[in-house]
>>> print(open('run23.cif').read())   # mmCIF, C-alpha atoms
data_run
loop_
_atom_site.label_atom_id
_atom_site.label_comp_id
_atom_site.auth_asym_id
_atom_site.auth_seq_id
_atom_site.Cartn_x
_atom_site.Cartn_y
_atom_site.Cartn_z
CA PRO A 1 0.08 2.29 -23.70
CA LEU A 2 -0.27 -0.10 -20.80
CA THR A 3 -2.83 -2.87 -21.07
CA ALA A 4 -5.80 -2.81 -18.72
CA ARG A 5 -4.11 -5.44 -16.59
CA ARG A 6 -0.87 -3.52 -16.39
CA CYS A 7 -2.74 -0.40 -15.38
CA ARG A 8 -4.45 -2.35 -12.64
CA MET A 9 -1.15 -3.66 -11.36
CA ALA A 10 0.33 -0.25 -11.59
CA ARG A 11 -2.34 1.13 -9.30
CA PHE A 12 -1.76 -1.71 -6.82
CA LEU A 13 1.83 -1.20 -5.98
CA ALA A 14 3.30 1.99 -6.46
CA ALA A 15 6.49 3.53 -6.84
CA LEU A 16 9.27 4.08 -9.24
CA THR A 17 12.00 6.18 -7.96
CA LEU A 18 13.48 9.16 -9.67
CA LEU A 19 10.47 11.50 -9.43
CA SER A 20 10.09 13.89 -6.59
CA LEU A 21 7.27 15.77 -8.33
CA PRO A 22 7.14 19.02 -6.40
CA LEU A 23 5.50 20.84 -9.31
CA LEU A 24 3.03 18.10 -10.02
CA ALA A 25 2.16 17.86 -6.37
CA SER A 26 1.42 21.58 -6.13
CA ALA A 27 -0.79 21.35 -9.18
CA TYR A 28 -2.85 18.57 -7.62
CA LEU A 29 -2.84 19.88 -4.08
CA PRO A 30 -4.13 23.43 -3.90
CA VAL A 31 -4.33 23.48 -0.15
CA GLY A 32 -0.87 23.01 1.29
CA SER A 33 1.73 20.58 0.19
CA VAL A 34 3.75 19.17 3.06
CA PRO A 35 7.20 17.63 2.40
CA ALA A 36 7.69 14.17 3.87
CA LEU A 37 10.38 15.40 6.27
CA ALA A 38 7.97 17.97 7.71
CA LEU A 39 5.22 15.45 8.39
CA LYS A 40 6.09 14.61 11.96
CA TRP A 41 3.84 17.31 13.41
CA LYS A 42 1.14 16.69 10.81
CA LEU A 43 0.68 12.95 11.10
CA GLN A 44 -1.33 11.40 13.88
CA PRO A 45 0.92 8.66 15.29
CA SER A 46 -0.68 5.25 15.09
CA THR A 47 -1.37 3.56 18.40
CA HIS A 48 -0.11 0.35 16.79
CA ARG A 49 3.33 1.62 15.83
CA ALA A 50 6.28 1.37 18.13
CA GLY A 51 9.44 3.37 17.71
CA PRO A 52 10.25 6.27 15.36
CA ARG A 53 9.05 6.58 11.80
CA PHE A 54 11.52 5.40 9.22
CA ALA A 55 12.12 6.68 5.70
CA GLY A 56 11.25 3.35 4.11
CA VAL A 57 7.50 3.03 3.58
CA THR A 58 5.18 0.80 1.67
CA GLY A 59 1.89 0.86 0.04
CA LEU A 60 -0.60 -0.42 -2.39
CA LYS A 61 -4.25 -0.65 -3.09
CA SER A 62 -7.64 -2.01 -1.86
CA ALA A 63 -10.27 -2.32 0.91
CA SER A 64 -13.66 -3.50 2.24
CA THR A 65 -13.73 -7.29 2.95
CA PHE A 66 -14.54 -10.71 1.64
CA GLY A 67 -18.17 -10.66 2.67
CA LEU A 68 -20.41 -7.90 1.37
CA SER A 69 -21.76 -7.32 4.85
CA ALA A 70 -18.31 -7.22 6.43
CA LYS A 71 -17.06 -3.88 7.66
CA ALA A 72 -13.62 -2.39 8.11
CA GLY A 73 -12.33 -3.81 11.35
CA ASP A 74 -13.40 -7.40 10.76
CA LYS A 75 -10.56 -9.85 11.12
CA ASP A 76 -8.70 -10.86 7.99
CA GLN A 77 -9.30 -14.17 6.30
CA VAL A 78 -6.02 -15.55 5.02
CA VAL A 79 -6.04 -17.18 1.61
CA ARG A 80 -3.00 -19.43 1.95
CA GLY A 81 -1.16 -16.42 3.28
CA ARG A 82 2.60 -16.26 3.70
CA VAL A 83 2.82 -14.29 6.93
CA PRO A 84 6.19 -14.93 8.62
CA GLU A 85 6.08 -17.59 11.34
CA ASP A 86 8.53 -15.60 13.40
CA PRO A 87 6.87 -12.25 14.28
CA THR A 88 10.27 -10.71 14.99
CA THR A 89 11.16 -11.03 11.29
CA LYS A 90 11.77 -7.69 9.57
CA CYS A 91 8.52 -6.42 8.07
CA ALA A 92 8.10 -6.71 4.30
CA CYS A 93 7.50 -2.97 4.01
CA ALA A 94 11.19 -2.28 4.78
CA SER A 95 10.47 -0.03 7.75
CA ASN A 96 13.35 -1.75 9.55
CA LEU A 97 10.91 -2.74 12.29
CA SER A 98 9.86 -6.29 13.07
CA TYR A 99 6.56 -7.45 11.60
CA GLU A 100 4.96 -7.61 15.06
CA LYS A 101 5.84 -3.96 15.74
CA CYS A 102 4.98 -2.71 12.26
CA CYS A 103 2.16 -3.98 10.05
CA SER A 104 1.03 -7.07 11.94
CA PRO A 105 -1.35 -5.19 14.32
CA PHE A 106 -3.22 -3.77 11.32
CA HIS A 107 -3.36 -7.10 9.50
CA SER A 108 -4.42 -9.14 12.53
CA SER A 109 -7.10 -6.69 13.67
CA GLY A 110 -8.26 -5.71 10.17
CA THR A 111 -8.29 -2.04 11.14
CA ALA A 112 -7.37 0.84 8.86
CA PRO A 113 -4.50 3.02 10.15
CA GLU A 114 -4.85 6.47 11.66
CA ASP A 115 -1.89 7.61 9.57
CA PRO A 116 -1.81 7.73 5.72
CA VAL A 117 1.81 6.55 5.57
CA ASP A 118 0.98 3.54 7.75
CA LEU A 119 -1.85 2.74 5.34
CA ILE A 120 0.48 2.56 2.36
CA ARG A 121 2.98 0.54 4.36
CA ALA A 122 0.36 -1.96 5.58
CA ARG A 123 -1.08 -2.39 2.10
CA TYR A 124 2.29 -3.12 0.53
CA SER A 125 3.08 -5.75 3.16
CA ALA A 126 -0.42 -7.21 2.73
CA TYR A 127 0.44 -7.86 -0.92
CA ALA A 128 3.80 -9.31 0.09
CA TYR A 129 2.14 -11.62 2.65
CA ARG A 130 -0.76 -12.53 0.33
CA LEU A 131 -3.55 -11.06 2.47
CA PRO A 132 -6.31 -10.04 0.06
CA GLY A 133 -8.77 -9.42 2.89
CA TYR A 134 -6.70 -6.56 4.28
CA VAL A 135 -6.11 -5.06 0.86
CA MET A 136 -9.86 -5.03 0.33
CA ARG A 137 -10.73 -3.69 3.77
CA SER A 138 -8.28 -0.83 3.46
CA THR A 139 -9.94 0.37 0.25
CA SER A 140 -12.59 3.05 0.40
CA ARG A 141 -15.96 2.24 -1.08
CA LYS A 142 -15.49 5.41 -3.09
CA SER A 143 -12.59 3.77 -4.87
CA PRO A 144 -12.95 2.71 -8.52
CA ASP A 145 -11.24 -0.52 -7.43
CA TRP A 146 -14.03 -1.41 -5.02
CA THR A 147 -16.44 -3.95 -6.45
CA VAL A 148 -19.37 -5.98 -5.19
CA ASN A 149 -17.86 -8.98 -6.99
CA GLN A 150 -15.72 -9.90 -4.03
CA ALA A 151 -14.68 -13.30 -5.38
CA ALA A 152 -13.27 -11.77 -8.56
CA TRP A 153 -11.54 -9.07 -6.54
CA ILE A 154 -9.87 -11.64 -4.30
CA GLU A 155 -8.76 -13.60 -7.35
CA ASP A 156 -7.32 -10.44 -8.88
CA ILE A 157 -5.32 -9.60 -5.75
CA VAL A 158 -4.03 -13.13 -5.22
CA ASP A 159 -3.02 -13.33 -8.88
CA PHE A 160 -1.00 -10.15 -8.46
CA CYS A 161 0.60 -11.42 -5.23
CA ASP A 162 1.62 -14.65 -6.94
CA SER A 163 3.05 -12.89 -9.99
CA TYR A 164 5.85 -11.18 -8.05
CA ARG A 165 8.35 -11.84 -5.29
CA PHE A 166 8.81 -9.36 -2.48
CA LYS A 167 12.17 -10.67 -1.22
CA ARG A 168 15.57 -11.06 -2.77
CA PRO A 169 16.84 -14.63 -3.28
CA GLY A 170 18.86 -14.22 -0.07
CA GLY A 171 15.72 -13.42 1.91
CA GLN A 172 16.19 -9.64 2.27
CA VAL A 173 12.96 -7.68 1.96
CA LEU A 174 12.57 -5.35 -1.02
CA GLY A 175 9.94 -3.06 0.47
CA MET A 176 8.99 0.40 -0.58
CA GLU A 177 10.28 3.94 -0.21
CA LEU A 178 8.24 7.01 0.69
CA GLU A 179 8.92 9.91 -1.67
CA GLU A 180 6.30 12.45 -0.66
CA CYS A 181 3.20 12.87 1.49
CA THR A 182 0.99 15.91 1.01
CA TYR A 183 -2.43 17.03 2.26
CA SER A 184 -5.02 18.85 0.18
CA SER A 185 -7.39 18.91 3.17
CA PRO A 186 -7.66 17.24 6.58
CA GLU A 187 -9.58 14.42 4.89
CA VAL A 188 -7.53 13.96 1.70
CA CYS A 189 -3.88 13.03 1.44
CA TYR A 190 -1.57 12.11 -1.47
CA VAL A 191 1.22 9.62 -0.83
CA GLN A 192 3.90 9.11 -3.46
CA PHE A 193 6.09 6.06 -3.08
CA LYS A 194 8.25 3.56 -4.92
CA ALA A 195 7.41 -0.13 -4.57
CA LYS A 196 10.03 -2.77 -5.28
CA MET A 197 9.43 -6.36 -6.41
CA LEU A 198 10.98 -9.13 -8.45
CA GLY A 199 9.24 -10.36 -11.58
CA PRO A 200 9.75 -13.59 -13.56
CA GLY A 201 13.36 -14.70 -13.60
CA TYR A 202 14.02 -12.55 -10.51
CA ARG A 203 14.10 -9.46 -12.69
CA PRO A 204 13.70 -6.22 -10.68
CA VAL A 205 10.44 -4.30 -11.01
CA GLU A 206 9.95 -0.85 -9.50
CA LEU A 207 6.76 1.19 -9.58
CA VAL A 208 6.30 4.81 -8.59
CA GLU A 209 2.73 5.60 -7.67
CA ARG A 210 0.94 8.63 -6.32
CA SER A 211 -1.95 7.37 -4.21
CA ARG A 212 -4.96 9.38 -3.11
CA VAL A 213 -6.15 8.30 0.33
CA LEU A 214 -9.22 9.43 2.25
CA ARG A 215 -9.82 9.90 5.94
CA GLU A 216 -13.09 8.25 6.96
CA ASN A 217 -14.18 8.16 10.60
CA GLY A 218 -10.68 9.01 11.76
CA ARG A 219 -8.90 6.33 9.72
CA TRP A 220 -7.30 6.33 6.28
CA PHE A 221 -8.44 4.31 3.28
CA TYR A 222 -7.06 3.95 -0.23
CA GLU A 223 -9.13 5.57 -2.98
CA LYS A 224 -7.05 5.47 -6.16
CA GLY A 225 -3.53 5.81 -7.52
CA THR A 226 -1.70 7.18 -10.53
CA LEU A 227 1.26 5.28 -11.94
CA LEU A 228 4.02 7.81 -12.56
CA GLU A 229 6.82 5.53 -13.71
CA TYR A 230 7.79 1.91 -13.81
CA GLN A 231 10.89 -0.08 -14.58
CA GLY A 232 10.97 -3.74 -15.43
CA ASP A 233 8.34 -6.04 -16.87
CA LEU A 234 4.82 -5.88 -15.45
CA VAL A 235 3.28 -9.32 -15.51
#
>>> encode(input="run23.cif", output="structure tokens")
Amino acid sequence: PLTARRCRMARFLAALTLLSLPLLASAYLPVGSVPALALKWKLQPSTHRAGPRFAGVTGLKSASTFGLSAKAGDKDQVVRGRVPEDPTTKCACASNLSYEKCCSPFHSSGTAPEDPVDLIRARYSAYAYRLPGYVMRSTSRKSPDWTVNQAAWIEDIVDFCDSYRFKRPGGQVLGMELEECTYSSPEVCYVQFKAKMLGPGYRPVELVERSRVLRENGRWFYEKGTLLEYQGDLV
């Protein structure tokens, strides 16, 4: 069995490959499971995204903000973040888009996406760029991860960010891969993805997670995730 800390990490990042889970998805989603390739008509395109949607996606956990009175939409507070200086750098989520045309608009504005896939992508890159504020703001208050102890939450997220690398030694992004996106209702969506990282000694770590995300006031927030598989050592 995973330790409590490993379980927490597992919920954060998601995604080990190898599982397409059609049967499991149908068991969890009584209302209409939609394959990822058929999502184009289902998903509301984000006003922040430029260009076509790519197969590579990213995701993770968290939401709210640093201050208890802060609301989704407040600007992020960077805790010694590692956002790329060159905005034309390829985004950490592996969308093949530049950061400025991918996740940067969400991170800089603090807004939650209008698309569940964009949410997972923006959360993964927020972990890669060490942006705990965005991870927190993109988490629903209905989430078991949401806590009033904001300082401890920030520490938890930063500790996770610092425990892994999100680039190969040569600088190539690792990113994440979308495996499935299904809707159980207009307000509830399940996103399954594989997240890739490097652990101590540059050892590969891959997590496959199935995240449950909620639509609140027209935007999507992370509620919780189930770790389906993982390879490598979780720190």
>>> atom_distance(input="run23.cif", atom1="atom CA of A:Trp220", atom2="atom CA of A:Gln172")
28.7 Å
>>> closest_residue(input="run23.cif", among="A:Arg82, A:Arg137, A:Arg219, A:Lys224", to="A:Pro186", atoms="all atoms listed in the file")
A:Arg219
>>> closest_residue(input="run23.cif", among="A:Pro132, A:Leu207, A:Tyr222, A:Arg121", to="A:Asp159", atoms="all atoms listed in the file")
A:Pro132
>>> atom_distance(input="run23.cif", atom1="atom CA of A:Pro116", atom2="atom CA of A:Tyr134")
15.2 Å
>>> closest_residue(input="run23.cif", among="A:Arg130, A:Arg141, A:Pro204, A:Thr182", to="A:Val158", atoms="only C-alpha atoms")
A:Arg130
>>> resolve_selection(input="run23.cif", expression="the PyMOL selection byres ((chain A and resi 212) around 7)", output="PyMOL selection string")
chain A and resi 189-191+210-211+213-214+222-225
>>> atom_distance(input="run23.cif", atom1="atom CA of A:Arg123", atom2="atom CA of A:Val135")
5.8 Å
>>> resolve_selection(input="run23.cif", expression="the PyMOL selection byres ((chain A and resi 203) around 10)", output="MDAnalysis selection string")
chainID A and resid 164:165 197:202 204:205 232:233
>>> residues_around(input="run23.cif", residues="A:Ser98", least_positions_apart="2", cutoff="7 Å", atoms="only C-alpha atoms", output="list in words")
Pro87, Thr88, Thr89, Lys90, Cys91, Asn96, Glu100, Lys101 and Cys102 of chain A
>>> resolve_selection(input="run23.cif", expression="the PyMOL selection byres ((chain A and resi 93) around 7)", output="ChimeraX atom specification")
/A:57-58,91-92,94-95,121,124-125,175-176
>>> closest_residue(input="run23.cif", among="A:Leu178, A:Thr139, A:Tyr129, A:Thr111", to="A:Cys161", atoms="only C-alpha atoms")
A:Tyr129
